[in-house]
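Here's protein00.tsv, which has TSV, C-alpha atoms:
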chain	number	residue	atom	x	y	z
A	1	MET	CA	-18.15	19.28	-17.54
A	2	THR	CA	-18.40	22.89	-18.62
A	3	ARG	CA	-17.73	25.55	-16.02
A	4	ARG	CA	-20.35	28.24	-16.41
A	5	LEU	CA	-18.70	31.54	-15.71
A	6	GLY	CA	-19.95	35.04	-16.29
A	7	THR	CA	-18.26	38.41	-16.07
A	8	SER	CA	-20.00	41.76	-16.20
A	9	ALA	CA	-18.32	44.10	-18.68
A	10	ALA	CA	-18.28	47.88	-18.71
A	11	LEU	CA	-16.74	50.41	-21.07
A	12	ILE	CA	-13.40	51.91	-20.17
A	13	GLY	CA	-13.40	55.58	-19.33
A	14	PHE	CA	-16.25	56.04	-16.84
A	15	LEU	CA	-15.64	59.01	-14.59
A	16	ALA	CA	-14.73	57.50	-11.24
A	17	THR	CA	-15.35	60.63	-9.21
A	18	ALA	CA	-17.99	63.34	-9.34
A	19	LEU	CA	-16.93	66.48	-11.16
A	20	THR	CA	-18.03	69.91	-10.09
A	21	SER	CA	-19.02	72.33	-12.83
A	22	ILE	CA	-17.25	75.65	-12.45
A	23	ALA	CA	-18.83	78.91	-13.56
A	24	PRO	CA	-16.86	80.50	-16.44
A	25	SER	CA	-15.12	83.79	-15.87
A	26	ALA	CA	-16.70	86.98	-17.12
A	27	GLY	CA	-16.48	87.40	-20.88
A	28	ALA	CA	-15.58	83.78	-21.58
A	29	ALA	CA	-17.60	82.48	-24.52
A	30	ASP	CA	-15.65	79.69	-26.21
A	31	PRO	CA	-16.95	76.24	-25.18
A	32	LEU	CA	-14.10	74.65	-27.17
A	33	PHE	CA	-11.39	76.55	-25.28
A	34	GLN	CA	-8.17	74.47	-25.52
A	35	ALA	CA	-10.10	71.48	-26.85
A	36	PRO	CA	-8.08	68.78	-28.66
A	37	VAL	CA	-8.72	68.01	-32.32
A	38	VAL	CA	-9.87	64.77	-33.92
A	39	GLY	CA	-6.86	62.80	-35.11
A	40	GLN	CA	-4.60	63.98	-32.30
A	41	CYS	CA	-2.41	61.26	-30.75
A	42	SER	CA	-1.19	60.79	-27.17
A	43	ASP	CA	1.21	58.60	-25.25
A	44	MET	CA	-1.33	57.83	-22.56
A	45	SER	CA	-0.89	55.34	-19.72
A	46	ARG	CA	-3.53	52.93	-18.39
A	47	ALA	CA	-3.74	54.93	-15.15
A	48	GLU	CA	-4.26	58.18	-17.07
A	49	LEU	CA	-7.13	56.59	-18.99
A	50	ASP	CA	-9.14	56.49	-15.75
A	51	LEU	CA	-8.68	60.18	-14.94
A	52	PRO	CA	-11.54	62.66	-15.56
A	53	SER	CA	-9.26	65.00	-17.54
A	54	TYR	CA	-6.14	64.51	-19.65
A	55	GLY	CA	-3.89	67.46	-20.37
A	56	GLU	CA	-0.61	66.02	-21.61
A	57	ALA	CA	0.84	67.31	-24.87
A	58	ALA	CA	0.03	65.52	-28.10
A	59	VAL	CA	2.66	63.33	-29.78
A	60	ASP	CA	3.50	62.65	-33.41
A	61	CYS	CA	1.01	60.12	-34.82
A	62	GLY	CA	3.81	58.82	-37.03
A	63	GLY	CA	5.58	57.44	-33.96
A	64	PRO	CA	4.49	55.14	-31.13
A	65	HIS	CA	1.27	56.27	-29.44
A	66	THR	CA	-1.40	54.66	-27.28
A	67	ALA	CA	-4.43	56.90	-27.78
A	68	LEU	CA	-6.18	58.66	-30.65
A	69	VAL	CA	-8.80	61.40	-30.36
A	70	THR	CA	-11.79	60.12	-32.33
A	71	ALA	CA	-14.43	62.73	-31.41
A	72	VAL	CA	-14.76	66.15	-29.78
A	73	ALA	CA	-18.24	67.41	-28.87
A	74	THR	CA	-19.59	70.60	-27.32
A	75	LEU	CA	-21.72	69.88	-24.27
A	76	PRO	CA	-25.17	71.47	-23.83
A	77	GLU	CA	-25.46	74.29	-21.32
A	78	GLY	CA	-26.56	73.10	-17.89
A	79	LEU	CA	-25.43	69.51	-18.36
A	80	ALA	CA	-23.62	68.47	-15.17
A	81	TYR	CA	-20.54	66.31	-15.62
A	82	ASP	CA	-21.59	64.03	-12.76
A	83	SER	CA	-25.08	63.39	-14.14
A	84	ALA	CA	-26.50	60.24	-15.74
A	85	ASP	CA	-27.36	62.29	-18.85
A	86	PHE	CA	-23.70	63.23	-19.27
A	87	THR	CA	-22.57	59.63	-18.91
A	88	GLU	CA	-25.05	58.48	-21.54
A	89	LEU	CA	-24.02	61.27	-23.93
A	90	ALA	CA	-20.34	60.49	-23.44
A	91	VAL	CA	-20.71	56.73	-23.93
A	92	ARG	CA	-22.94	57.15	-26.98
A	93	THR	CA	-20.63	59.68	-28.63
A	94	CYS	CA	-17.45	57.71	-27.95
A	95	TYR	CA	-18.99	54.33	-28.74
A	96	ASP	CA	-20.08	55.51	-32.18
A	97	ALA	CA	-16.65	57.07	-32.82
A	98	GLN	CA	-14.94	53.85	-31.73
A	99	ARG	CA	-16.90	51.74	-34.21
A	100	GLU	CA	-16.25	54.19	-37.04
A	101	ALA	CA	-12.51	54.29	-36.35
A	102	ALA	CA	-12.30	50.49	-36.13
A	103	GLY	CA	-14.48	49.99	-39.21
A	104	ALA	CA	-16.56	47.47	-37.30
A	105	SER	CA	-20.21	46.77	-36.56
A	106	LYS	CA	-21.75	46.97	-33.09
A	107	LEU	CA	-21.10	43.27	-32.63
A	108	GLY	CA	-17.77	43.25	-34.42
A	109	VAL	CA	-16.17	45.93	-32.25
A	110	ARG	CA	-16.87	43.79	-29.18
A	111	LEU	CA	-14.55	41.15	-30.62
A	112	THR	CA	-11.65	43.61	-30.58
A	113	ALA	CA	-9.43	44.84	-27.75
A	114	TYR	CA	-10.22	48.44	-28.71
A	115	ALA	CA	-11.83	50.48	-25.95
A	116	ILE	CA	-12.80	54.08	-25.30
A	117	GLY	CA	-11.70	56.72	-22.86
A	118	TYR	CA	-13.47	60.02	-22.41
A	119	PHE	CA	-12.36	63.23	-20.78
A	120	VAL	CA	-13.69	66.65	-19.81
A	121	PRO	CA	-11.85	69.98	-19.46
A	122	THR	CA	-9.68	70.60	-16.43
A	123	ALA	CA	-10.96	72.90	-13.67
A	124	GLU	CA	-8.91	75.75	-15.14
A	125	GLN	CA	-10.30	75.16	-18.63
A	126	GLN	CA	-13.85	75.01	-17.28
A	127	ALA	CA	-13.27	78.32	-15.51
A	128	ALA	CA	-12.34	79.79	-18.88
A	129	GLY	CA	-15.63	78.61	-20.40
A	130	ALA	CA	-14.64	75.21	-21.82
A	131	ARG	CA	-17.56	72.76	-22.17
A	132	TRP	CA	-16.35	69.91	-24.33
A	133	LEU	CA	-16.14	66.15	-24.36
A	134	ARG	CA	-13.11	64.31	-25.71
A	135	CYS	CA	-13.24	60.69	-26.91
A	136	ASP	CA	-10.08	58.59	-27.27
A	137	LEU	CA	-9.58	55.18	-28.84
A	138	VAL	CA	-7.14	52.87	-27.04
A	139	LEU	CA	-5.98	49.27	-27.35
A	140	LEU	CA	-6.09	47.28	-24.12
A	141	GLY	CA	-3.24	45.08	-22.99
A	142	GLY	CA	-4.33	43.90	-19.55
A	143	THR	CA	-2.97	46.42	-17.06
A	144	GLU	CA	-1.35	48.48	-19.82
A	145	LEU	CA	-2.29	50.25	-23.03
A	146	LEU	CA	-0.69	48.86	-26.17
A	147	PRO	CA	0.62	51.01	-29.03
A	148	LEU	CA	-2.10	51.62	-31.60
A	149	PRO	CA	-1.52	50.08	-35.04
A	150	GLY	CA	-0.96	52.36	-37.99
A	151	ARG	CA	-4.15	51.05	-39.61
A	152	LEU	CA	-7.10	50.93	-37.23
A	153	ASP	CA	-9.68	49.35	-39.55
A	154	VAL	CA	-10.01	45.72	-38.45
A	155	GLY	CA	-11.41	44.35	-41.71
A	156	LYS	CA	-13.38	41.12	-41.59
A	157	PHE	CA	-13.57	38.66	-38.68
A	158	PRO	CA	-11.46	36.79	-37.58
A	159	TYR	CA	-9.28	39.80	-36.87
A	160	LYS	CA	-5.51	39.89	-36.49
A	161	SER	CA	-4.24	38.80	-33.09
A	162	THR	CA	-2.82	42.29	-32.53
A	163	VAL	CA	-6.34	43.72	-32.21
A	164	SER	CA	-8.48	40.65	-31.37
A	165	ARG	CA	-10.08	40.50	-27.92
A	166	CYS	CA	-8.71	38.10	-25.31
A	167	LEU	CA	-8.70	37.82	-21.51
A	168	THR	CA	-5.67	37.62	-19.26
A	169	GLY	CA	-4.72	37.29	-15.60
A	170	GLN	CA	-6.74	36.28	-12.56
A	171	ASP	CA	-9.07	39.24	-13.08
A	172	PHE	CA	-9.66	38.28	-16.74
A	173	ALA	CA	-8.69	41.73	-17.99
A	174	VAL	CA	-9.17	42.46	-21.68
A	175	THR	CA	-6.04	42.30	-23.80
A	176	ALA	CA	-5.09	41.98	-27.43
A	177	CYS	CA	-4.59	38.31	-28.31
A	178	SER	CA	-0.98	38.98	-29.37
A	179	GLU	CA	-0.23	39.27	-25.64
A	180	LYS	CA	-0.28	36.45	-23.08
A	181	HIS	CA	-3.88	35.34	-22.52
A	182	THR	CA	-6.11	32.50	-21.30
A	183	TYR	CA	-9.37	33.09	-23.21
A	184	ARG	CA	-10.16	34.35	-26.71
A	185	ALA	CA	-13.41	36.02	-27.80
A	186	THR	CA	-14.94	33.75	-30.42
A	187	ALA	CA	-18.46	35.15	-30.78
A	188	ALA	CA	-20.54	38.25	-30.12
A	189	ILE	CA	-24.25	37.47	-29.99
A	190	LYS	CA	-26.98	40.10	-30.19
A	191	ILE	CA	-29.47	39.75	-27.35
A	192	LYS	CA	-33.02	40.73	-28.19
A	193	ALA	CA	-34.92	41.98	-25.16
A	194	LYS	CA	-37.19	44.92	-24.44
A	195	ARG	CA	-35.52	45.61	-21.11
A	196	TYR	CA	-32.01	45.24	-19.75
A	197	PRO	CA	-31.75	41.67	-18.39
A	198	LYS	CA	-30.99	41.09	-14.73
A	199	GLU	CA	-27.71	39.42	-13.75
A	200	LYS	CA	-29.35	36.01	-13.33
A	201	ALA	CA	-30.80	36.28	-16.82
A	202	TRP	CA	-27.43	37.28	-18.29
A	203	LYS	CA	-25.80	34.25	-16.70
A	204	ARG	CA	-28.49	31.99	-18.09
A	205	LEU	CA	-28.10	33.54	-21.55
A	206	GLY	CA	-24.34	33.18	-21.40
A	207	THR	CA	-24.52	29.56	-20.34
A	208	ASP	CA	-27.05	28.65	-23.02
A	209	ARG	CA	-25.83	30.73	-25.96
A	210	CYS	CA	-22.05	30.50	-25.48
A	211	ARG	CA	-21.97	26.72	-25.15
A	212	SER	CA	-22.28	26.35	-28.92
A	213	ALA	CA	-20.22	29.47	-29.67
A	214	THR	CA	-17.07	28.22	-27.94
A	215	THR	CA	-14.81	25.22	-28.52
A	216	SER	CA	-13.54	24.47	-25.01
A	217	ARG	CA	-15.19	22.76	-22.05
A	218	THR	CA	-14.37	25.80	-19.93
A	219	TYR	CA	-15.62	29.09	-21.28
A	220	ARG	CA	-16.50	32.57	-20.13
A	221	PHE	CA	-18.87	35.30	-21.23
A	222	SER	CA	-19.39	39.02	-20.65
A	223	TRP	CA	-22.28	41.40	-21.16
A	224	PRO	CA	-22.77	45.19	-21.47
A	225	SER	CA	-23.50	47.55	-18.61
A	226	LYS	CA	-26.89	49.27	-18.39
A	227	VAL	CA	-25.60	52.45	-19.99
A	228	ASP	CA	-23.90	50.46	-22.77
A	229	TRP	CA	-27.20	48.70	-23.42
A	230	LYS	CA	-29.03	52.01	-23.51
A	231	VAL	CA	-26.79	53.38	-26.28
A	232	GLY	CA	-27.16	50.25	-28.41
A	233	ASP	CA	-24.60	47.69	-27.22
A	234	ARG	CA	-26.55	44.43	-26.99
A	235	ALA	CA	-23.62	42.03	-27.35
A	236	LEU	CA	-23.13	38.92	-25.27
A	237	VAL	CA	-19.46	38.05	-25.83
A	238	CYS	CA	-18.34	34.41	-25.60
A	239	TYR	CA	-14.75	33.41	-24.78
A	240	THR	CA	-13.05	30.08	-25.56
A	241	GLN	CA	-10.27	28.90	-23.25
A	242	THR	CA	-6.83	28.86	-24.87
A	243	LYS	CA	-3.46	27.33	-24.01
A	244	LYS	CA	-1.38	30.47	-24.51
As structure tokens, how would this structure be written, given the file I've shared?
Amino acid sequence: MTRRLGTSAALIGFLATALTSIAPSAGAADPLFQAPVVGQCSDMSRAELDLPSYGEAAVDCGGPHTALVTAVATLPEGLAYDSADFTELAVRTCYDAQREAAGASKLGVRLTAYAIGYFVPTAEQQAAGARWLRCDLVLLGGTELLPLPGRLDVGKFPYKSTVSRCLTGQDFAVTACSEKHTYRATAAIKIKAKRYPKEKAWKRLGTDRCRSATTSRTYRFSWPSKVDWKVGDRALVCYTQTKK
């Protein structure tokens, strides 16, 4: 008998706490003050990925690194960092940059362990006039971030295990399939609906659509958050149980 399990999925990098916009000092006019540049690499930790700002020094991209800046955008005047409009702008900008860096479609990127992080200027940078958004690409490894591969483009599905999407642990955290795991993503199915489905509807869709998209009696599925859906992520992801 198939166990019908569903897990709600959300993009990495949501700001966990409200941020207060600080008025720039007199004469400050550069919204990109101390902004990073696209292509910059970092040795970021999983805990740092959840912070609203990241100010550590860049590292050599030729060596081990866990994050890559994929986009830097100037924010419109008056846009509050703790607003829904900011969240949508951040997710849309970083989601598009993630797909471009991975060389994958909207459905294809959901079959990878790549995720996004986004950051805003520190309080000191904001006080100096900074109003930018930073998007980073990372590779999830459960409770850790894995070193990014030298070549990010995933090519055609099925992808290499080093970037393929799997689940691990009791919390079913996303990890690359090269790490210890219990489920592997085997399909990403586009859901056609005019409105964001309710949780009960998602569970019904997952049960019905993933049954034929998985090869184990026990399977799982995940779906996008409301903001992910709003920016174009309509993927129901199906996971087949593995023995690894």
- Query: Of the residues A:Val154, A:Val174, A:Leu51, A:Val163, which is the one nearest to Gly103 (chain A), using only C-alpha atoms?
  - Reply: A:Val154
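Closest to Ser53 (chain A) among A:Ala80, A:Cys135, A:Ala104, A:Leu32 is A:Cys135, based on only C-alpha atoms.
Here CA of Asp43 (chain A) stands at a distance of 6.7 Å from CA of Val59 (chain A).
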- In the coordinate frame of the file, compute which residues have an atom within 9 Å of (-18.5, 33.0, -36.4) when using only C-alpha atoms, and state them as a ChimeraX atom specification. /A:157-158,186-188,213
Would you mind exporting the chosen residues as an mmCIF file, keeping the file's coordinate frame, restricted to C-alpha atoms?
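The resulting file, part.cif, is shown below:
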data_model
loop_
_atom_site.group_PDB
_atom_site.id
_atom_site.type_symbol
_atom_site.label_atom_id
_atom_site.label_comp_id
_atom_site.auth_asym_id
_atom_site.auth_seq_id
_atom_site.Cartn_x
_atom_site.Cartn_y
_atom_site.Cartn_z
ATOM 1 C CA PHE A 157 -13.570 38.660 -38.680
ATOM 2 C CA PRO A 158 -11.460 36.790 -37.580
ATOM 3 C CA THR A 186 -14.940 33.750 -30.420
ATOM 4 C CA ALA A 187 -18.460 35.150 -30.780
ATOM 5 C CA ALA A 188 -20.540 38.250 -30.120
ATOM 6 C CA ALA A 213 -20.220 29.470 -29.670
#
- Message: My list of candidates is A:Ala73, A:Ile116, A:Val109, A:Ala58. Which is closest to Val237 (chain A) when distances are computed with all atoms listed in the file?
- Response: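 Of A:Ala73, A:Ile116, A:Val109, A:Ala58, the one nearest Val237 (chain A) is A:Val109, counting all atoms listed in the file.
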- Message: Env of Leu89 (chain A): 10 Å cut, atoms = only C-alpha atoms, seq-sep filter 6 positions within chain, self excluded. Answer as a VMD selection string.
- Response: chain A and resid 73 75 95 133 227 231
- Message: What's around Tyr239 (chain A) at 6 Å? Count all atoms listed in the file, leave out sequence neighbours fewer than 6 positions away in its own chain, and write the answer as an MDAnalysis selection string.
- Response: chainID A and resid 183:186 219:221
Next, write the just-selected residues to a file, as a PDB file, in the coordinates of the input, keeping C-alpha atoms as the atom set.
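Below is the file part04.pdb, written as the result:
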ATOM      1  CA  TYR A 183      -9.370  33.090 -23.210  1.00  0.00           C
ATOM      2  CA  ARG A 184     -10.160  34.350 -26.710  1.00  0.00           C
ATOM      3  CA  ALA A 185     -13.410  36.020 -27.800  1.00  0.00           C
ATOM      4  CA  THR A 186     -14.940  33.750 -30.420  1.00  0.00           C
ATOM      5  CA  TYR A 219     -15.620  29.090 -21.280  1.00  0.00           C
ATOM      6  CA  ARG A 220     -16.500  32.570 -20.130  1.00  0.00           C
ATOM      7  CA  PHE A 221     -18.870  35.300 -21.230  1.00  0.00           C
TER       8      PHE A 221
END
- Message: Taking all atoms listed in the file into account, name the residue in A:Gly55, A:Gly206, A:Pro147, A:Gly129 that is nearest to Ile191 (chain A).
- Response: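 Answer, going by the shortest atom-to-atom distance: A:Gly206.
Here CA of Thr182 (chain A) stands at a distance of 8.5 Å from CA of Thr240 (chain A).
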